[in-house]
Amino acid sequence: MTAMKSLHEHLASLEHTDPKRTAISVHDDTGDITEEISRAQLRARVEATAAHLHRKGLRAGDRVALALGNSADLLILSWAAWSVGIATVPLDMKRDTEELRAYKIRTSGAAHVASAETFPTREAASADVLWMPDLSHDALILFTSGTTAYPKGARLTLGNLVVNAEGIIAWLGITQDDCFLVELPLHHINSTTFCLVSLVAGARIALPPRYSNSHFWKHAAGSGATLTSVVPSIIFDQLRRTEEFDAVRDRLALNRIQLGSAPVVVSDALAFIRKFSIPLHQGYGQTETALRVTGVPMDLTPDLYQKLVAENSIGTPMPWAEVEITDVEGHILGEGEQGELVVNGPAVMQGYIGDEPAFRNGYFLTGDIGYWKEIDDRRFFFLIGRAKEIIIKGGVNISPVAVENALKKISADIEQAYVIGVADERYGEDIGAVVVWKDAANPPAALRRLKLALLLGHKALRTYETPKYLISVHAEELPMTSTGKVQRITIKKNFGNTLEPVDELMQSEEFRFVVISPQSPLTEASRALYNHCWQPIIKSGREYKKYLNEYVTLGAVKGDGTLAGQISFSYADKKITCVSICSAAFAPKPVPAVQETPDAEFVRNYLLAGNDSVMNFHRALGAELVEVIPQGRPEDKSSLGYTMLLRYPLAETIALAGPASHQLIQAVRIIASDCGIAMYAFSRPGGLAAYLAHAS
């Protein structure tokens, strides 16, 4: 049972309590007030608008589509309709196509479309209007943002909306002294419910023209807002708006921000809290539940609050909500067990238009996968991801959100990351990631660094969760809803066929440069090439797989898929050290016998004099001799056991050109340059034995 019995009676009560108190303030882009609507004016305008709807022939049970942007008129029209039992159908005037708009109007059965042009300027109230005495009637037909061609329309009663509003009031401690700043579209459940929250609590609503990245802090300061509700993309935007924040910080009254409606990026949330000292309170819910189902409580200790933010908890259930985790058959699961989050209670919708199935055993099926654990005698819930977005790799569920958060830990260059499932013959699905880089990043270099980090393995990400495919995109290429929620289904559709394999680091006109692992289809060809170039020092299959695990082996792959060459290197101690380079064009020659092995000084002079073809190869590509090492490879008769340590200087511009052996060295130099680390090479003076035999 809710405290509010009737919307019309509540408006009258607000007027009676304090008629001159501002109910809605309208603001310009700077945050300055352009119009104030008092409680008395609000009631009068709601009654006049209800009379207008009555004169249009609309009655209780009818539906009216709203073709208006964020405005006081939209709120007044909504509340007037709800007060007389008419359900509203908000339209997205920015993103809805004509076809989709027509679909929503037709499917909802809207008898009238209200727009700015048809909205009454000023009309008198009418005694003929019949005010609804309770909250049981349909009030809102709201279409979900949709992952299918046509979104589903959720039927919400005024009772559903008010129950949720009262839960939010209790959760965030909202009073009539608060001012709520509207930053999200009013055709979305978030702003719709939060404006009703403000009306029920008697708080002021501040309405800027629209969300503005550059004017967010001006809106907050100019309006005197004490709270707002945002999506993660706004948090992401404002992390780079410190100058705008500093310019108004002394005028800010904003003391809490509600965050939700899309998966939260933990690193962004923590950075926002640290930078601006404004708490973020994550909430979870859906259109079908009239907004919030759970929320991170306000009464937590600072340490527990920080811990829960870091763990991306969606908090504890609202007072009205019965929340459980169930398996695919509907059995309720215990603490820590993963399953679908289901909800029951008086804020849950009546159903979809067309009665599409949405419930099981009385519970609304959210489609979200999560778990709960008990903390301080309360159940705290945690999400893993959408059921439709969960990647099932070889029967193992993988959370896209968890992988995304790990990628941002691995690469500081990542601004945004979105993980999707990619069809895989072996596992059914494997992991792909679409990455947006920070403005200061060099995208090709950042992508190669990330690929190398993933190939080498990182503590933030288990091997099984490591993406197999990546692609870099620009932020404006991401498909988004009007509330800034990225549409993962559309990402998969748009980019799923253009993802690059993680093991492919770069390309030239002639070759793809691919990292060869023990599981690679090139493994056996790689071993054959190694044994060809290093005979008689050869490796068995088992030995070579161990070798591939110890070193990064980069292959130059021709257009027909054959291996033209390869280079192996270690990546440790802030340097790259090449240990082997092989070319398919290499033709082994007989090694003559040498009676006496020269000393290291002789070998050094031999190399510097330009007598060795291998040394000359490296020198032509920019290498310098560092050290000559006796018995570096005792088995290597062509070099009489000697190896040489070479250093390649860093270079800003490196072109991939020439034969495969040259391009392999150039490719590793590019990687070293990307990482800003030194590059060395252990090689052999391969012509030493032949030189000595000829000289004698």
# chains A, B, ... in the order shown; residues from 1 in each chain; ligands from 1

call {"tool": "residues_around", "arguments": {"residues": "stretch 186-193 of chain A", "least_positions_apart": "4", "cutoff": "9 Å", "atoms": "only C-alpha atoms", "output": "number ranges by chain"}}
result
A: 66, 68-71, 74-75, 89-93, 142-145, 161-162, 164-165, 182, 197-198, 229-230, 260-261, 286-287, 290-292, 482-483

call {"tool": "select_by_dssp", "arguments": {"residues": "stretch 372-592 of chain A", "states": "strand (DSSP E or B)", "output": "ChimeraX atom specification"}}
result
/A:372-375,378-386,391-393,396-398,414-424,428-437,458,461,469-472,480,486,500-501,504-507,512-515,552-557,563-572,575-583

call {"tool": "select_by_dssp", "arguments": {"residues": "stretch 593-652 of chain A", "states": "alpha helix (DSSP H)", "output": "list in words"}}
result
Ala600, Glu601, Phe602, Val603, Arg604, Asn605, Tyr606, Leu607, Leu608, Ser613, Val614, Met615, Asn616, Phe617, His618, Arg619 and Ala620 of chain A

call {"tool": "residues_around", "arguments": {"residues": "A:His215", "least_positions_apart": "4", "cutoff": "12 Å", "atoms": "only C-alpha atoms", "output": "MDAnalysis selection string"}}
result
chainID A and resid 27:32 183 208:211 219:223 234 237:238 241:245 247:248

call {"tool": "write_last_selection", "arguments": {"atoms": "N, CA, C and O atoms", "output": "compact mmCIF listing (two decimals), in the first residue's frame"}}
result
# COMPACT_ATOMS: atom_id res chain seq x y z
N HIS A 27 15.71 25.84 -17.39
CA HIS A 27 17.02 26.48 -17.45
C HIS A 27 17.54 26.53 -18.88
O HIS A 27 17.18 25.71 -19.73
N ASP A 28 18.42 27.51 -19.13
CA ASP A 28 19.09 27.57 -20.43
C ASP A 28 20.40 26.80 -20.36
O ASP A 28 20.71 26.15 -19.35
N ASP A 29 21.20 26.87 -21.41
CA ASP A 29 22.44 26.10 -21.49
C ASP A 29 23.46 26.47 -20.42
O ASP A 29 24.33 25.67 -20.08
N THR A 30 23.38 27.68 -19.90
CA THR A 30 24.33 28.09 -18.87
C THR A 30 23.88 27.69 -17.47
O THR A 30 24.63 27.85 -16.51
N GLY A 31 22.64 27.18 -17.38
CA GLY A 31 22.10 26.81 -16.07
C GLY A 31 21.20 27.87 -15.48
O GLY A 31 20.54 27.65 -14.46
N ASP A 32 21.13 29.05 -16.12
CA ASP A 32 20.28 30.13 -15.60
C ASP A 32 18.81 29.79 -15.77
O ASP A 32 18.40 29.16 -16.76
N GLU A 183 18.98 15.11 -16.67
CA GLU A 183 20.04 15.06 -17.67
C GLU A 183 19.79 13.99 -18.73
O GLU A 183 20.52 13.92 -19.72
N PRO A 208 17.16 21.55 -17.81
CA PRO A 208 17.94 22.20 -18.87
C PRO A 208 17.43 21.75 -20.23
O PRO A 208 16.62 20.82 -20.31
N PRO A 209 17.88 22.37 -21.33
CA PRO A 209 17.37 21.98 -22.65
C PRO A 209 17.67 20.53 -23.00
O PRO A 209 16.84 19.86 -23.61
N ARG A 210 18.85 20.07 -22.61
CA ARG A 210 19.29 18.71 -22.95
C ARG A 210 20.59 18.46 -22.20
O ARG A 210 21.19 19.40 -21.67
N TYR A 211 21.03 17.21 -22.19
CA TYR A 211 22.36 16.93 -21.64
C TYR A 211 23.41 17.54 -22.55
O TYR A 211 23.36 17.42 -23.77
N HIS A 219 25.10 23.38 -15.69
CA HIS A 219 23.71 23.02 -15.38
C HIS A 219 23.55 22.73 -13.89
O HIS A 219 22.61 23.21 -13.25
N ALA A 220 24.48 21.94 -13.35
CA ALA A 220 24.39 21.55 -11.95
C ALA A 220 24.49 22.76 -11.03
O ALA A 220 23.71 22.92 -10.08
N ALA A 221 25.47 23.62 -11.31
CA ALA A 221 25.68 24.79 -10.44
C ALA A 221 24.57 25.81 -10.59
O ALA A 221 24.03 26.32 -9.60
N GLY A 222 24.18 26.12 -11.83
CA GLY A 222 23.17 27.14 -12.07
C GLY A 222 21.80 26.77 -11.56
O GLY A 222 21.01 27.63 -11.16
N SER A 223 21.50 25.47 -11.56
CA SER A 223 20.17 25.01 -11.12
C SER A 223 20.09 24.84 -9.61
O SER A 223 18.99 24.74 -9.07
N ILE A 234 27.97 9.44 -19.23
CA ILE A 234 28.11 10.81 -18.71
C ILE A 234 29.27 10.89 -17.72
O ILE A 234 30.04 11.86 -17.72
N ASP A 237 32.28 11.04 -19.82
CA ASP A 237 32.44 12.38 -20.40
C ASP A 237 33.08 13.35 -19.41
O ASP A 237 34.01 14.10 -19.74
N GLN A 238 32.56 13.35 -18.18
CA GLN A 238 32.93 14.41 -17.23
C GLN A 238 34.31 14.21 -16.61
O GLN A 238 34.87 15.14 -16.03
N ARG A 241 36.42 16.85 -17.85
CA ARG A 241 35.89 18.21 -17.75
C ARG A 241 36.25 18.85 -16.40
O ARG A 241 35.42 19.49 -15.75
N THR A 242 37.49 18.67 -16.00
CA THR A 242 37.91 19.22 -14.71
C THR A 242 37.94 20.75 -14.71
O THR A 242 37.67 21.38 -13.68
N GLU A 243 38.27 21.36 -15.83
CA GLU A 243 38.28 22.83 -15.89
C GLU A 243 36.87 23.38 -15.69
O GLU A 243 36.68 24.37 -14.96
N GLU A 244 35.89 22.76 -16.32
CA GLU A 244 34.50 23.20 -16.16
C GLU A 244 34.04 23.00 -14.71
O GLU A 244 33.31 23.84 -14.17
N PHE A 245 34.46 21.89 -14.10
CA PHE A 245 34.12 21.64 -12.69
C PHE A 245 34.75 22.69 -11.79
O PHE A 245 34.08 23.27 -10.92
N ALA A 247 35.57 25.64 -12.41
CA ALA A 247 35.02 26.98 -12.62
C ALA A 247 33.76 27.22 -11.79
O ALA A 247 33.42 28.38 -11.49
N VAL A 248 33.04 26.14 -11.40
CA VAL A 248 31.77 26.33 -10.67
C VAL A 248 31.75 25.60 -9.34
O VAL A 248 30.71 25.62 -8.65

call {"tool": "residues_around", "arguments": {"residues": "stretch 200-203 of chain A", "least_positions_apart": "3", "cutoff": "8 Å", "atoms": "only C-alpha atoms", "output": "VMD selection string"}}
result
chain A and resid 4 10 14 23 162 165 to 166 169 174 to 180 196 to 197

call {"tool": "write_last_selection", "arguments": {"atoms": "C-alpha atoms", "output": "PDB file, in the first residue's frame"}}
result
ATOM      1  CA  MET A   4      -0.048   8.504  -2.180  1.00  0.00           C
ATOM      2  CA  HIS A  10      -1.297  14.904  -4.319  1.00  0.00           C
ATOM      3  CA  LEU A  14       1.396  20.217  -2.532  1.00  0.00           C
ATOM      4  CA  ALA A  23       7.927  22.788  -8.483  1.00  0.00           C
ATOM      5  CA  VAL A 162       4.610   5.414  -7.539  1.00  0.00           C
ATOM      6  CA  ALA A 165       9.303   6.332  -6.750  1.00  0.00           C
ATOM      7  CA  GLU A 166       8.674   5.865  -3.045  1.00  0.00           C
ATOM      8  CA  ILE A 169      12.877   8.382  -2.075  1.00  0.00           C
ATOM      9  CA  ILE A 174      15.069  12.656  -1.001  1.00  0.00           C
ATOM     10  CA  THR A 175      13.094  15.499   0.630  1.00  0.00           C
ATOM     11  CA  GLN A 176      11.334  18.666  -0.501  1.00  0.00           C
ATOM     12  CA  ASP A 177      14.599  20.527   0.037  1.00  0.00           C
ATOM     13  CA  ASP A 178      16.230  18.624  -2.825  1.00  0.00           C
ATOM     14  CA  CYS A 179      16.468  19.681  -6.445  1.00  0.00           C
ATOM     15  CA  PHE A 180      16.657  16.987  -9.117  1.00  0.00           C
ATOM     16  CA  LEU A 196       7.794  11.455 -10.431  1.00  0.00           C
ATOM     17  CA  VAL A 197      10.083  10.818  -7.447  1.00  0.00           C
TER      18      VAL A 197
END

call {"tool": "residues_around", "arguments": {"residues": "stretch 563-577 of chain A", "least_positions_apart": "6", "cutoff": "8 Å", "atoms": "only C-alpha atoms", "output": "list in words"}}
result
Leu522, Ala525, Ser526, Leu529, Glu550, Tyr551, Val552, Thr553, Leu554, Gly555, Ala556, Val557, Ser583, Ala584, Ala585, Ala660, Ser661, Leu664, Ile665, Ala672, Ile677, Ala678, Met679, Tyr680, Ala681 and Phe682 of chain A

call {"tool": "write_last_selection", "arguments": {"atoms": "N, CA and C atoms", "output": "tab-separated table (two decimals), in the first residue's frame"}}
result
chain	number	residue	atom	x	y	z
A	522	LEU	N	50.13	-22.99	-37.74
A	522	LEU	CA	51.44	-22.85	-38.36
A	522	LEU	C	52.56	-23.52	-37.56
A	525	ALA	N	54.78	-26.11	-39.46
A	525	ALA	CA	55.56	-25.44	-40.50
A	525	ALA	C	56.67	-24.60	-39.87
A	526	SER	N	56.38	-24.01	-38.72
A	526	SER	CA	57.37	-23.21	-38.01
A	526	SER	C	58.52	-24.08	-37.51
A	529	LEU	N	60.73	-25.08	-40.40
A	529	LEU	CA	61.59	-23.98	-40.84
A	529	LEU	C	62.75	-23.79	-39.86
A	550	GLU	N	58.30	-20.38	-24.52
A	550	GLU	CA	59.35	-19.59	-23.89
A	550	GLU	C	59.63	-18.29	-24.64
A	551	TYR	N	59.42	-18.30	-25.95
A	551	TYR	CA	59.73	-17.13	-26.78
A	551	TYR	C	58.52	-16.74	-27.62
A	552	VAL	N	58.44	-15.45	-27.95
A	552	VAL	CA	57.46	-14.98	-28.92
A	552	VAL	C	58.04	-15.25	-30.30
A	553	THR	N	57.34	-16.04	-31.10
A	553	THR	CA	57.80	-16.34	-32.46
A	553	THR	C	56.86	-15.67	-33.45
A	554	LEU	N	57.42	-14.74	-34.22
A	554	LEU	CA	56.64	-13.96	-35.17
A	554	LEU	C	56.92	-14.48	-36.58
A	555	GLY	N	55.87	-14.93	-37.25
A	555	GLY	CA	56.03	-15.48	-38.59
A	555	GLY	C	55.61	-14.48	-39.66
A	556	ALA	N	56.33	-14.48	-40.78
A	556	ALA	CA	55.94	-13.70	-41.96
A	556	ALA	C	55.17	-14.64	-42.88
A	557	VAL	N	53.86	-14.42	-42.99
A	557	VAL	CA	52.99	-15.34	-43.71
A	557	VAL	C	52.60	-14.73	-45.06
A	583	SER	N	64.72	-17.84	-42.48
A	583	SER	CA	64.09	-17.51	-43.75
A	583	SER	C	63.93	-18.77	-44.57
A	584	ALA	N	62.75	-18.89	-45.21
A	584	ALA	CA	62.52	-20.05	-46.07
A	584	ALA	C	63.46	-20.04	-47.27
A	585	ALA	N	64.03	-18.85	-47.56
A	585	ALA	CA	64.95	-18.74	-48.70
A	585	ALA	C	66.37	-19.19	-48.34
A	660	ALA	N	61.81	-11.25	-46.64
A	660	ALA	CA	61.15	-11.62	-45.38
A	660	ALA	C	62.07	-11.42	-44.18
A	661	SER	N	63.35	-11.78	-44.30
A	661	SER	CA	64.27	-11.65	-43.17
A	661	SER	C	64.41	-10.19	-42.73
A	664	LEU	N	61.12	-9.02	-41.00
A	664	LEU	CA	60.95	-9.58	-39.65
A	664	LEU	C	61.70	-8.75	-38.62
A	665	ILE	N	62.95	-8.37	-38.96
A	665	ILE	CA	63.71	-7.49	-38.06
A	665	ILE	C	62.99	-6.16	-37.90
A	672	ALA	N	59.31	-2.90	-30.55
A	672	ALA	CA	60.16	-2.28	-29.52
A	672	ALA	C	59.90	-0.78	-29.44
A	677	ILE	N	61.10	0.41	-25.62
A	677	ILE	CA	62.12	-0.39	-24.94
A	677	ILE	C	63.25	-0.72	-25.92
A	678	ALA	N	64.37	-1.15	-25.36
A	678	ALA	CA	65.54	-1.48	-26.17
A	678	ALA	C	65.34	-2.80	-26.89
A	679	MET	N	66.02	-2.93	-28.04
A	679	MET	CA	65.97	-4.18	-28.80
A	679	MET	C	67.39	-4.71	-29.01
A	680	TYR	N	67.58	-5.97	-28.62
A	680	TYR	CA	68.86	-6.66	-28.79
A	680	TYR	C	68.63	-7.91	-29.64
A	681	ALA	N	69.72	-8.48	-30.12
A	681	ALA	CA	69.63	-9.73	-30.85
A	681	ALA	C	70.86	-10.59	-30.56
A	682	PHE	N	70.61	-11.84	-30.19
A	682	PHE	CA	71.68	-12.84	-30.18
A	682	PHE	C	71.70	-13.49	-31.56

call {"tool": "atom_distance", "arguments": {"atom1": "atom CA of A:Val26", "atom2": "atom CA of A:Ala72"}}
result
7.3 Å

call {"tool": "residues_around", "arguments": {"residues": "A:Pro479", "least_positions_apart": "5", "cutoff": "9 Å", "atoms": "only C-alpha atoms", "output": "NGL selection string"}}
result
:A and (485-488 or 490-491 or 494)

call {"tool": "write_last_selection", "arguments": {"atoms": "C-alpha atoms", "output": "mmCIF file, in the first residue's frame"}}
result
data_model
loop_
_atom_site.group_PDB
_atom_site.id
_atom_site.type_symbol
_atom_site.label_atom_id
_atom_site.label_comp_id
_atom_site.auth_asym_id
_atom_site.auth_seq_id
_atom_site.Cartn_x
_atom_site.Cartn_y
_atom_site.Cartn_z
ATOM 1 C CA LYS A 485 23.745 3.141 -23.762
ATOM 2 C CA VAL A 486 25.930 1.299 -26.247
ATOM 3 C CA GLN A 487 23.979 -1.367 -28.143
ATOM 4 C CA ARG A 488 26.103 -4.502 -27.954
ATOM 5 C CA THR A 490 24.458 -3.758 -32.989
ATOM 6 C CA ILE A 491 28.195 -3.680 -32.232
ATOM 7 C CA ASN A 494 28.495 -3.876 -37.321
#

call {"tool": "closest_residue", "arguments": {"among": "A:Ile369, A:Ala3, A:Ile390, A:Met615", "to": "A:Val603", "atoms": "only C-alpha atoms"}}
result
A:Met615

call {"tool": "residues_around", "arguments": {"residues": "A:Ile392", "least_positions_apart": "5", "cutoff": "8 Å", "atoms": "only C-alpha atoms", "output": "VMD selection string"}}
result
chain A and resid 397 to 398 421 428 to 430

call {"tool": "write_last_selection", "arguments": {"atoms": "N, CA, C and O atoms", "output": "short mmCIF file (atom, residue, chain, number, x, y, z; two decimals), in the first residue's frame"}}
result
data_model
loop_
_atom_site.label_atom_id
_atom_site.label_comp_id
_atom_site.auth_asym_id
_atom_site.auth_seq_id
_atom_site.Cartn_x
_atom_site.Cartn_y
_atom_site.Cartn_z
N ASN A 397 30.65 -19.97 -19.12
CA ASN A 397 30.09 -18.62 -19.23
C ASN A 397 31.17 -17.58 -18.97
O ASN A 397 31.87 -17.64 -17.95
N ILE A 398 31.29 -16.62 -19.87
CA ILE A 398 32.28 -15.54 -19.73
C ILE A 398 31.55 -14.21 -19.76
O ILE A 398 30.77 -13.93 -20.67
N GLY A 421 30.69 -11.91 -28.42
CA GLY A 421 30.97 -13.28 -28.80
C GLY A 421 31.18 -13.39 -30.30
O GLY A 421 30.48 -12.74 -31.08
N GLY A 428 32.53 -23.02 -30.14
CA GLY A 428 31.18 -22.51 -30.34
C GLY A 428 31.22 -20.99 -30.40
O GLY A 428 30.71 -20.38 -31.33
N GLU A 429 31.81 -20.38 -29.37
CA GLU A 429 32.02 -18.94 -29.33
C GLU A 429 33.40 -18.66 -28.77
O GLU A 429 33.89 -19.38 -27.90
N ASP A 430 34.02 -17.61 -29.28
CA ASP A 430 35.23 -17.08 -28.67
C ASP A 430 35.01 -15.60 -28.42
O ASP A 430 33.90 -15.09 -28.61
#

call {"tool": "closest_residue", "arguments": {"among": "A:His618, A:Pro185, A:Ala593, A:Ala81", "to": "A:Lys637", "atoms": "only C-alpha atoms"}}
result
A:Ala593

call {"tool": "closest_residue", "arguments": {"among": "A:Leu621, A:Thr466, A:Ser613, A:Cys675", "to": "A:Arg448", "atoms": "only C-alpha atoms"}}
result
A:Cys675
